[in-house]
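Source file: start.cif; contents: mmCIF, C-alpha atoms.
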```
data_structure
loop_
_atom_site.label_atom_id
_atom_site.label_comp_id
_atom_site.auth_asym_id
_atom_site.auth_seq_id
_atom_site.Cartn_x
_atom_site.Cartn_y
_atom_site.Cartn_z
CA MET A 259 6.83 19.35 39.26
CA ARG A 260 4.66 17.67 36.68
CA ASP A 261 0.98 17.47 37.37
CA ASN A 262 -0.41 14.48 35.53
CA SER A 263 -3.18 13.86 38.02
CA SER A 264 -5.81 14.33 35.32
CA GLN A 265 -4.91 10.96 33.78
CA SER A 266 -3.15 9.10 36.53
CA PRO A 267 -4.27 5.66 37.65
CA PHE A 268 -2.98 6.75 41.06
CA ASN A 269 -5.46 9.59 41.26
CA ARG A 270 -7.79 8.48 44.00
CA GLU A 271 -10.69 10.77 43.18
CA GLN A 272 -10.73 9.60 39.57
CA GLN A 273 -10.54 6.00 40.61
CA TYR A 274 -13.38 6.48 43.05
CA ALA A 275 -15.52 8.25 40.44
CA ALA A 276 -14.86 5.54 37.84
CA LYS A 277 -15.73 2.79 40.29
CA ARG A 278 -18.86 4.57 41.45
CA LYS A 279 -19.94 4.95 37.82
CA ALA A 280 -19.37 1.23 37.23
CA VAL A 281 -21.57 0.44 40.24
CA ILE A 282 -24.37 2.66 38.93
CA PHE A 283 -24.26 1.23 35.41
CA ALA A 284 -24.21 -2.36 36.65
CA ALA A 285 -27.15 -1.69 38.94
CA GLY A 286 -29.03 0.23 36.24
CA GLY A 287 -28.70 -2.73 33.87
CA ALA A 288 -30.05 -5.08 36.54
CA PHE A 289 -32.95 -2.71 37.33
CA ARG A 290 -33.84 -2.65 33.65
CA ARG A 291 -33.67 -6.42 33.23
CA ARG A 292 -35.33 -7.53 36.46
CA GLY A 293 -36.99 -4.43 37.89
CA TYR A 294 -35.78 -2.13 40.67
CA HIS A 295 -37.61 -3.92 43.48
CA ASN A 296 -36.52 -7.35 42.31
CA THR A 297 -32.81 -6.47 42.49
CA SER A 298 -31.03 -6.51 45.85
CA MET A 299 -27.88 -4.67 46.88
CA VAL A 300 -26.28 -8.07 47.53
CA GLU A 301 -26.89 -9.08 43.90
CA ILE A 302 -25.47 -5.79 42.62
CA ALA A 303 -22.37 -6.26 44.80
CA LYS A 304 -21.93 -9.86 43.63
CA SER A 305 -22.16 -8.92 39.95
CA LEU A 306 -19.19 -6.57 40.51
CA GLY A 307 -17.20 -8.97 42.69
CA LEU A 308 -17.65 -6.72 45.71
CA SER A 309 -18.84 -7.33 49.25
CA LYS A 310 -22.02 -5.55 50.30
CA ALA A 311 -19.95 -3.39 52.68
CA ALA A 312 -17.63 -2.36 49.84
CA LEU A 313 -20.65 -1.44 47.69
CA TYR A 314 -21.79 1.01 50.38
CA TYR A 315 -18.43 2.76 50.10
CA TYR A 316 -19.60 4.00 46.67
CA VAL A 317 -23.32 4.57 47.18
CA LYS A 318 -25.45 5.35 50.20
CA SER A 319 -28.54 3.36 49.26
CA LYS A 320 -30.35 1.52 46.49
CA VAL A 321 -32.65 4.47 45.92
CA GLU A 322 -29.61 6.72 45.46
CA ILE A 323 -28.48 4.42 42.64
CA LEU A 324 -31.93 4.62 41.02
CA TYR A 325 -31.76 8.40 41.27
CA GLU A 326 -28.27 8.49 39.71
CA CYS A 327 -29.45 6.24 36.85
CA HIS A 328 -32.18 8.72 36.01
CA VAL A 329 -29.81 11.69 36.31
CA ILE A 330 -27.30 10.06 33.94
CA VAL A 331 -29.95 9.34 31.28
CA TYR A 332 -31.58 12.77 31.48
CA GLY A 333 -28.14 14.41 31.50
CA ALA A 334 -27.29 12.53 28.29
CA MET A 335 -30.65 13.55 26.78
CA ASP A 336 -29.91 17.20 27.63
CA VAL A 337 -26.67 16.80 25.67
CA CYS A 338 -28.71 15.45 22.71
CA VAL A 339 -31.03 18.48 22.84
CA LYS A 340 -28.01 20.82 22.75
CA SER A 341 -26.20 18.85 20.04
CA VAL A 342 -29.00 19.21 17.48
CA LYS A 343 -29.66 22.89 18.25
CA GLY A 344 -29.38 25.06 15.14
CA GLN A 345 -29.62 22.01 12.84
CA GLY A 346 -32.53 21.02 10.60
CA ASP A 347 -34.63 23.30 8.41
CA SER A 348 -38.08 22.54 9.83
CA GLY A 349 -39.72 21.34 13.00
CA LEU A 350 -39.94 17.83 11.55
CA GLU A 351 -36.27 17.78 10.48
CA LYS A 352 -35.17 19.02 13.89
CA LEU A 353 -37.34 16.44 15.63
CA LYS A 354 -35.98 13.62 13.44
CA LEU A 355 -32.42 14.56 14.41
CA LEU A 356 -33.27 14.70 18.11
CA TYR A 357 -35.29 11.47 18.07
CA GLY A 358 -32.44 9.70 16.30
CA GLU A 359 -30.03 10.91 18.99
CA PHE A 360 -32.37 9.69 21.72
CA ALA A 361 -32.83 6.28 20.09
CA SER A 362 -29.07 5.86 19.60
CA LEU A 363 -28.44 6.89 23.18
CA LEU A 364 -30.88 4.33 24.56
CA THR A 365 -29.22 1.52 22.65
CA ARG A 366 -25.76 2.49 23.95
CA ASP A 367 -23.98 1.95 27.26
CA GLY A 368 -26.85 0.07 28.84
CA LEU A 369 -28.60 3.39 29.34
CA ALA A 370 -32.33 3.10 29.71
CA LEU A 371 -35.28 5.27 30.53
CA LEU A 372 -36.41 3.62 33.73
CA ALA A 373 -40.09 3.78 34.47
CA ASP A 374 -39.53 3.53 38.22
CA VAL A 375 -39.91 7.23 38.98
CA ASP A 376 -42.56 6.30 41.55
CA SER A 377 -40.00 4.45 43.65
CA LEU A 378 -38.02 7.65 44.15
CA LYS A 379 -39.19 9.78 47.04
CA GLY A 380 -39.10 13.46 48.01
CA ASP A 381 -36.34 15.57 46.45
CA PHE A 382 -35.10 12.69 44.29
CA GLN A 383 -38.54 12.27 42.73
CA ALA A 384 -39.10 16.00 42.32
CA GLU A 385 -35.78 16.50 40.53
CA VAL A 386 -36.21 13.51 38.20
CA SER A 387 -39.78 14.55 37.32
CA ALA A 388 -38.51 18.06 36.56
CA ARG A 389 -35.78 16.71 34.29
CA ARG A 390 -38.19 14.39 32.47
CA GLY A 391 -40.52 17.39 32.04
CA LYS A 392 -37.68 19.42 30.53
CA ILE A 393 -37.03 16.74 27.88
CA GLU A 394 -40.74 16.41 27.11
CA ARG A 395 -41.01 20.18 26.67
CA ALA A 396 -38.04 20.22 24.28
CA VAL A 397 -39.77 17.54 22.15
CA THR A 398 -43.15 19.31 22.37
CA ARG A 399 -41.55 22.58 21.23
CA LEU A 400 -40.28 20.91 18.04
CA VAL A 401 -43.66 19.24 17.41
CA LYS A 402 -45.43 22.60 17.75
CA MET A 403 -42.82 24.27 15.54
CA GLY A 404 -43.46 21.61 12.89
CA MET A 405 -47.23 22.07 13.13
CA ALA A 406 -46.72 25.83 12.68
CA ASP A 407 -44.27 25.60 9.75
CA GLY A 408 -46.38 22.96 7.95
CA SER A 409 -43.92 20.07 8.22
CA ILE A 410 -45.94 18.16 10.86
CA LYS A 411 -49.62 17.25 10.53
CA LYS A 412 -51.83 19.30 12.85
CA ALA A 413 -53.12 17.27 15.80
CA ASP A 414 -53.09 17.44 19.58
CA PRO A 415 -49.37 18.05 20.32
CA LYS A 416 -49.54 16.37 23.73
CA VAL A 417 -50.94 13.08 22.41
CA THR A 418 -48.54 13.22 19.45
CA VAL A 419 -45.62 13.52 21.88
CA PHE A 420 -46.92 10.80 24.23
CA PHE A 421 -47.17 8.43 21.28
CA LEU A 422 -43.64 8.95 20.01
CA MET A 423 -42.04 9.10 23.45
CA GLY A 424 -43.90 5.92 24.42
CA ALA A 425 -42.35 4.01 21.54
CA LEU A 426 -38.94 5.21 22.76
CA ASN A 427 -39.54 4.50 26.44
CA TRP A 428 -40.71 0.98 25.72
CA MET A 429 -37.24 0.20 24.31
CA ASN A 430 -35.95 -0.56 27.78
CA VAL A 431 -38.35 -3.51 27.96
CA TRP A 432 -37.33 -5.24 24.73
CA TYR A 433 -33.97 -3.92 23.58
CA GLU A 434 -31.01 -6.25 24.10
CA ALA A 435 -27.55 -4.84 23.46
CA ASP A 436 -26.42 -8.23 22.19
CA GLY A 437 -29.47 -8.78 19.98
CA ARG A 438 -29.36 -9.46 16.24
CA MET A 439 -29.83 -5.77 15.23
CA SER A 440 -27.41 -2.93 15.86
CA GLY A 441 -28.49 0.14 17.77
CA GLU A 442 -27.92 2.29 14.69
CA VAL A 443 -30.26 0.18 12.54
CA ILE A 444 -32.96 0.33 15.22
CA ALA A 445 -32.50 4.09 15.65
CA ALA A 446 -32.88 4.63 11.87
CA HIS A 447 -36.04 2.48 11.84
CA PHE A 448 -37.47 4.44 14.78
CA VAL A 449 -36.81 7.79 13.08
CA ASP A 450 -38.56 6.54 9.91
CA GLN A 451 -41.61 5.14 11.68
CA MET A 452 -41.91 8.18 13.97
CA SER A 453 -41.60 10.78 11.21
CA ALA A 454 -43.90 8.97 8.76
CA GLY A 455 -46.50 8.91 11.53
CA ILE A 456 -46.60 12.68 11.98
CA ARG A 457 -45.45 14.41 8.79
CA ALA A 458 -47.91 16.66 7.01
CA MET B 218 -89.59 -23.43 41.70
CA ARG B 219 -88.12 -20.39 39.96
CA ASP B 220 -84.39 -20.21 39.52
CA ASN B 221 -83.35 -16.59 39.33
CA SER B 222 -79.92 -17.17 40.81
CA SER B 223 -78.26 -15.76 37.69
CA GLN B 224 -79.35 -12.22 38.61
CA SER B 225 -80.09 -12.36 42.31
CA PRO B 226 -78.41 -10.01 44.75
CA PHE B 227 -78.78 -12.90 47.20
CA ASN B 228 -76.58 -15.15 45.10
CA ARG B 229 -73.48 -15.51 47.23
CA GLU B 230 -71.13 -16.70 44.52
CA GLN B 231 -72.04 -13.75 42.31
CA GLN B 232 -71.63 -11.33 45.16
CA TYR B 233 -68.26 -12.81 46.01
CA ALA B 234 -67.12 -12.64 42.38
CA ALA B 235 -68.30 -9.03 42.01
CA LYS B 236 -66.52 -7.98 45.20
CA ARG B 237 -63.36 -9.82 44.24
CA LYS B 238 -63.40 -8.04 40.86
CA ALA B 239 -63.81 -4.67 42.61
CA VAL B 240 -60.78 -5.48 44.78
CA ILE B 241 -58.68 -6.34 41.73
CA PHE B 242 -59.68 -3.23 39.77
CA ALA B 243 -59.05 -0.93 42.76
CA ALA B 244 -55.64 -2.49 43.32
CA GLY B 245 -54.80 -2.42 39.59
CA GLY B 246 -55.55 1.31 39.47
CA ALA B 247 -53.29 1.93 42.46
CA PHE B 248 -50.49 -0.22 40.95
CA ARG B 249 -50.72 1.82 37.78
CA ARG B 250 -50.68 5.18 39.56
CA ARG B 251 -48.05 4.48 42.23
CA GLY B 252 -46.34 1.26 41.14
CA TYR B 253 -46.89 -2.28 42.40
CA HIS B 254 -44.17 -2.19 45.06
CA ASN B 255 -45.23 1.21 46.34
CA THR B 256 -48.79 0.06 47.08
CA SER B 257 -49.51 -1.92 50.25
CA MET B 258 -52.38 -4.29 50.95
CA VAL B 259 -53.40 -1.96 53.80
CA GLU B 260 -53.78 0.92 51.33
CA ILE B 261 -55.80 -1.24 48.94
CA ALA B 262 -58.08 -2.33 51.79
CA LYS B 263 -58.51 1.27 52.99
CA SER B 264 -59.46 2.53 49.52
CA LEU B 265 -62.33 0.00 49.53
CA GLY B 266 -63.36 0.65 53.12
CA LEU B 267 -62.27 -2.86 54.14
CA SER B 268 -60.06 -4.19 56.88
CA LYS B 269 -56.87 -5.95 55.81
CA ALA B 270 -58.34 -9.24 57.09
CA ALA B 271 -61.48 -8.74 54.97
CA LEU B 272 -59.32 -8.08 51.91
CA TYR B 273 -57.65 -11.47 52.35
CA TYR B 274 -61.09 -13.09 52.13
CA TYR B 275 -61.09 -12.13 48.43
CA VAL B 276 -57.44 -12.56 47.44
CA LYS B 277 -54.61 -14.67 48.78
CA SER B 278 -51.74 -12.21 48.22
CA LYS B 279 -50.69 -9.01 46.53
CA VAL B 280 -48.91 -10.93 43.81
CA GLU B 281 -52.14 -12.82 43.09
CA ILE B 282 -53.85 -9.46 42.46
CA LEU B 283 -51.05 -8.42 40.08
CA TYR B 284 -51.46 -11.72 38.25
CA GLU B 285 -55.26 -11.26 37.99
CA CYS B 286 -54.78 -7.72 36.65
CA HIS B 287 -52.62 -9.06 33.84
CA VAL B 288 -55.06 -11.90 33.14
CA ILE B 289 -58.00 -9.47 32.89
CA VAL B 290 -56.18 -7.17 30.44
CA TYR B 291 -54.88 -9.97 28.24
CA GLY B 292 -58.30 -11.64 28.34
CA ALA B 293 -59.87 -8.39 27.12
CA MET B 294 -57.21 -8.12 24.40
CA ASP B 295 -57.99 -11.68 23.28
CA VAL B 296 -61.62 -10.56 22.90
CA CYS B 297 -60.43 -7.63 20.74
CA VAL B 298 -58.43 -10.00 18.50
CA LYS B 299 -61.54 -12.16 18.03
CA SER B 300 -63.89 -9.21 17.52
CA VAL B 301 -62.00 -7.85 14.51
CA LYS B 302 -61.47 -11.26 12.89
CA GLY B 303 -62.83 -11.36 9.34
CA GLN B 304 -63.01 -7.55 9.17
CA GLY B 305 -60.82 -5.24 7.10
CA ASP B 306 -59.64 -5.72 3.53
CA SER B 307 -55.88 -5.58 4.05
CA GLY B 308 -53.27 -6.17 6.71
CA LEU B 309 -53.19 -2.45 7.45
CA GLU B 310 -56.98 -2.15 7.70
CA LYS B 311 -57.16 -5.15 10.02
CA LEU B 312 -54.33 -3.77 12.17
CA LYS B 313 -56.03 -0.34 12.40
CA LEU B 314 -59.22 -1.98 13.68
CA LEU B 315 -57.33 -4.06 16.25
CA TYR B 316 -55.14 -1.16 17.39
CA GLY B 317 -58.22 1.02 17.82
CA GLU B 318 -59.84 -1.68 19.96
CA PHE B 319 -56.69 -1.96 22.09
CA ALA B 320 -56.42 1.81 22.57
CA SER B 321 -60.11 2.09 23.51
CA LEU B 322 -59.74 -0.79 25.92
CA LEU B 323 -56.79 0.79 27.70
CA THR B 324 -58.69 4.02 28.24
CA ARG B 325 -61.70 2.18 29.71
CA ASP B 326 -62.37 0.62 33.11
CA GLY B 327 -59.01 1.58 34.55
CA LEU B 328 -57.50 -1.31 32.62
CA ALA B 329 -53.80 -0.93 31.97
CA LEU B 330 -50.95 -2.91 30.56
CA LEU B 331 -48.79 -3.20 33.63
CA ALA B 332 -45.08 -3.40 33.06
CA ASP B 333 -44.51 -5.31 36.30
CA VAL B 334 -44.26 -8.77 34.74
CA ASP B 335 -40.89 -9.16 36.49
CA SER B 336 -42.57 -9.01 39.89
CA LEU B 337 -44.59 -12.12 39.10
CA LYS B 338 -42.84 -15.37 39.84
CA GLY B 339 -42.95 -18.95 38.61
CA ASP B 340 -46.23 -20.10 37.05
CA PHE B 341 -47.78 -16.63 37.28
CA GLN B 342 -44.93 -15.12 35.29
CA ALA B 343 -44.85 -17.94 32.76
CA GLU B 344 -48.58 -17.66 32.05
CA VAL B 345 -48.58 -13.88 31.73
CA SER B 346 -45.53 -13.94 29.44
CA ALA B 347 -47.27 -16.53 27.28
CA ARG B 348 -50.42 -14.41 27.04
CA ARG B 349 -48.45 -11.27 26.19
CA GLY B 350 -46.62 -13.31 23.55
CA LYS B 351 -49.94 -14.41 22.07
CA ILE B 352 -51.09 -10.79 21.65
CA GLU B 353 -47.75 -9.76 20.15
CA ARG B 354 -47.96 -12.61 17.66
CA ALA B 355 -51.49 -11.60 16.63
CA VAL B 356 -50.24 -8.06 15.93
CA THR B 357 -47.11 -9.32 14.16
CA ARG B 358 -49.27 -11.56 11.93
CA LEU B 359 -51.25 -8.53 10.72
CA VAL B 360 -48.07 -6.49 10.16
CA LYS B 361 -46.58 -9.31 8.07
CA MET B 362 -49.87 -9.72 6.18
CA GLY B 363 -49.80 -5.99 5.38
CA MET B 364 -46.17 -6.17 4.22
CA ALA B 365 -47.10 -9.10 1.96
CA ASP B 366 -50.27 -7.49 0.51
CA GLY B 367 -48.54 -4.14 -0.05
CA SER B 368 -50.57 -2.12 2.45
CA ILE B 369 -47.71 -1.79 4.98
CA LYS B 370 -44.22 -0.54 4.17
CA LYS B 371 -41.62 -3.31 4.20
CA ALA B 372 -39.33 -3.12 7.24
CA ASP B 373 -38.29 -5.34 10.11
CA PRO B 374 -41.67 -6.59 11.44
CA LYS B 375 -40.37 -7.06 14.99
CA VAL B 376 -39.12 -3.49 15.36
CA THR B 377 -42.29 -2.18 13.66
CA VAL B 378 -44.38 -4.03 16.26
CA PHE B 379 -42.21 -2.95 19.22
CA PHE B 380 -42.62 0.66 18.12
CA LEU B 381 -46.40 0.61 17.88
CA MET B 382 -46.93 -1.55 20.97
CA GLY B 383 -44.58 0.73 22.93
CA ALA B 384 -46.73 3.76 22.18
CA LEU B 385 -49.73 1.78 23.47
CA ASN B 386 -48.00 0.39 26.56
CA TRP B 387 -46.80 3.83 27.59
CA MET B 388 -50.45 4.92 27.93
CA ASN B 389 -50.59 3.52 31.45
CA VAL B 390 -47.99 6.10 32.51
CA TRP B 391 -49.75 9.21 31.24
CA TYR B 392 -53.42 8.46 30.59
CA GLU B 393 -55.87 9.82 33.13
CA ALA B 394 -59.48 8.70 32.86
CA ASP B 395 -60.59 12.13 34.07
CA GLY B 396 -58.30 14.06 31.73
CA ARG B 397 -59.46 16.66 29.22
CA MET B 398 -59.64 14.23 26.27
CA SER B 399 -62.00 11.30 25.91
CA GLY B 400 -60.68 7.79 25.41
CA GLU B 401 -62.32 7.65 21.98
CA VAL B 402 -60.53 10.80 20.78
CA ILE B 403 -57.20 9.46 22.00
CA ALA B 404 -57.83 6.05 20.41
CA ALA B 405 -58.62 7.70 17.05
CA HIS B 406 -55.45 9.80 17.28
CA PHE B 407 -53.40 6.68 18.08
CA VAL B 408 -54.82 4.78 15.10
CA ASP B 409 -53.97 7.71 12.78
CA GLN B 410 -50.41 8.18 14.04
CA MET B 411 -49.76 4.42 14.08
CA SER B 412 -51.06 3.75 10.58
CA ALA B 413 -49.44 6.81 8.97
CA GLY B 414 -46.16 5.56 10.42
CA ILE B 415 -46.26 2.20 8.68
CA ARG B 416 -48.44 2.38 5.58
CA ALA B 417 -46.80 1.73 2.22
#
```

Please render this file's structure as structure tokens.
Amino acid sequence: MRDNSSQSPFNREQQYAAKRKAVIFAAGGAFRRRGYHNTSMVEIAKSLGLSKAALYYYVKSKVEILYECHVIVYGAMDVCVKSVKGQGDSGLEKLKLLYGEFASLLTRDGLALLADVDSLKGDFQAEVSARRGKIERAVTRLVKMGMADGSIKKADPKVTVFFLMGALNWMNVWYEADGRMSGEVIAAHFVDQMSAGIRA
Amino acid sequence: MRDNSSQSPFNREQQYAAKRKAVIFAAGGAFRRRGYHNTSMVEIAKSLGLSKAALYYYVKSKVEILYECHVIVYGAMDVCVKSVKGQGDSGLEKLKLLYGEFASLLTRDGLALLADVDSLKGDFQAEVSARRGKIERAVTRLVKMGMADGSIKKADPKVTVFFLMGALNWMNVWYEADGRMSGEVIAAHFVDQMSAGIRA
């Protein structure tokens, strides 16, 4: 008996997971463009050609979608942190690699750092805050490393990090995937402007 | 007959205007801390020791408060643009002065650049978008001037501006008026990191 379930279009779990992911990405894009509170479940369903009832087969609530959007972005950022580990000869070089990965990520797949953490409640909010904190600490570690090894100008590390993360977070307000500049060009620009701003 | 109405505590219009302003600033602070949609009119009224009915004596709706918050910030930014006019010898020097004024402004008076433009509708949204556009154009003009006079490194002016405005806009997420650093210290840091990032 051949088991080809891992790629089969008849595999129900896979189909369900793929459809659920499509729901979350479509909703995430709408949240980014119009704001979480200005997007209704009916509109999300419509944009996917689904009924509202069918939408609830994939997600329990709108706030669950918001939570999943955050989890997907922070999960992808964790992958970036791992992917640059062991690379770069100084704190600044390591930070440039990581920042470039972040900027590329945020111009791909409609992923966006949503600011709506306050609309999450309880466990959802606690987990998302923890994951955001983890990313901020990874960036702060590299900034401190650079200040110690002489590649980054000495200054308050916290304010330095807020500045460069702010530039990145603001992307979700202005970046359009179909705009005149490619994500790669924007990411390269961001790495240049960020690193020039902090190098020793 | 002496007319001292301009300073009198018995001047009703002045008293009304002062109270209305207090309502708007209290609400703006709450919007910034918890998000516009997560703050109710009842909570705003409570924080001022007012009944909900009394609150509606000063403002017609929550969205009107959000609109007024934006108008106050962009009005203050217009004043910054005017105040640095004629100062500075190059595009970069002019931009540093303006950016410093903006950063100081955003750490004063609980003023914040709110991201919730999408929650405004119709005329409110159109006016606020126009005023934000006006500020962005003023900044872009200085960036282009600096690229032309050789004080700012040549790059895409739009992305350059998005980067440095993003760092500023993100302040409303992390800045605490009662934090360990003064607004002036943060503003000076921001001017340094911004200008090092773009100078030729």

*Restrict the distance test to only C-alpha atoms, flag each residue of chain B within 7 Å of chain A, and return the flagged residues as a list of chain:residue names.*
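The selection requested is B:Arg251, B:Gly252, B:His254, B:Asn255, B:Asp335, B:Ser336, B:Phe380, B:Leu381, B:Gly383, B:Ala384, B:Trp387, B:Gln410, B:Met411, B:Ser412, B:Ala413, B:Gly414, B:Ile415.
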
*asked:* Take the PyMOL selection byres ((chain A and resi 339-356) around 9), run it mentally on this structure, and tell me the resulting residues as a PyMOL selection string.
replied: chain A and resi 334-338+357-361+393+396-397+399-410+449-450+452-453+456-457

Saved selection, atoms kept: C-alpha atoms, as an mmCIF file, in the coordinates of the input:
```
data_model
loop_
_atom_site.group_PDB
_atom_site.id
_atom_site.type_symbol
_atom_site.label_atom_id
_atom_site.label_comp_id
_atom_site.auth_asym_id
_atom_site.auth_seq_id
_atom_site.Cartn_x
_atom_site.Cartn_y
_atom_site.Cartn_z
ATOM 1 C CA ALA A 334 -27.290 12.530 28.290
ATOM 2 C CA MET A 335 -30.650 13.550 26.780
ATOM 3 C CA ASP A 336 -29.910 17.200 27.630
ATOM 4 C CA VAL A 337 -26.670 16.800 25.670
ATOM 5 C CA CYS A 338 -28.710 15.450 22.710
ATOM 6 C CA TYR A 357 -35.290 11.470 18.070
ATOM 7 C CA GLY A 358 -32.440 9.700 16.300
ATOM 8 C CA GLU A 359 -30.030 10.910 18.990
ATOM 9 C CA PHE A 360 -32.370 9.690 21.720
ATOM 10 C CA ALA A 361 -32.830 6.280 20.090
ATOM 11 C CA ILE A 393 -37.030 16.740 27.880
ATOM 12 C CA ALA A 396 -38.040 20.220 24.280
ATOM 13 C CA VAL A 397 -39.770 17.540 22.150
ATOM 14 C CA ARG A 399 -41.550 22.580 21.230
ATOM 15 C CA LEU A 400 -40.280 20.910 18.040
ATOM 16 C CA VAL A 401 -43.660 19.240 17.410
ATOM 17 C CA LYS A 402 -45.430 22.600 17.750
ATOM 18 C CA MET A 403 -42.820 24.270 15.540
ATOM 19 C CA GLY A 404 -43.460 21.610 12.890
ATOM 20 C CA MET A 405 -47.230 22.070 13.130
ATOM 21 C CA ALA A 406 -46.720 25.830 12.680
ATOM 22 C CA ASP A 407 -44.270 25.600 9.750
ATOM 23 C CA GLY A 408 -46.380 22.960 7.950
ATOM 24 C CA SER A 409 -43.920 20.070 8.220
ATOM 25 C CA ILE A 410 -45.940 18.160 10.860
ATOM 26 C CA VAL A 449 -36.810 7.790 13.080
ATOM 27 C CA ASP A 450 -38.560 6.540 9.910
ATOM 28 C CA MET A 452 -41.910 8.180 13.970
ATOM 29 C CA SER A 453 -41.600 10.780 11.210
ATOM 30 C CA ILE A 456 -46.600 12.680 11.980
ATOM 31 C CA ARG A 457 -45.450 14.410 8.790
#
```

*Atom pair atom CA of Glu401 of chain B / atom CA of Lys416 of chain A: separation (Å)*: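 These atoms are spaced 15.6 Å apart.
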
_So that I can see what lies close to segment 242-247 of chain B, please list as a ChimeraX atom specification the residues with an atom at most 10 Å from it, counting all atoms listed in the file and leaving out residues fewer than 3 positions away in the same chain._
/B:236-239,250-253,255-258,260-262,264-265,279,282-287,289,326-331,389

*asked:* So the first atom is atom CA of Ala405 of chain B and the second is atom CA of Val345 of chain B; what is the distance between them in Å, to one decimal place?
replied: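 The value is 28.0 Å.
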
*atom CA of Lys338 of chain B to atom CA of Lys277 of chain B, straight-line distance in Å*: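 Rounded to one decimal, the two atoms are 14.8 Å apart.
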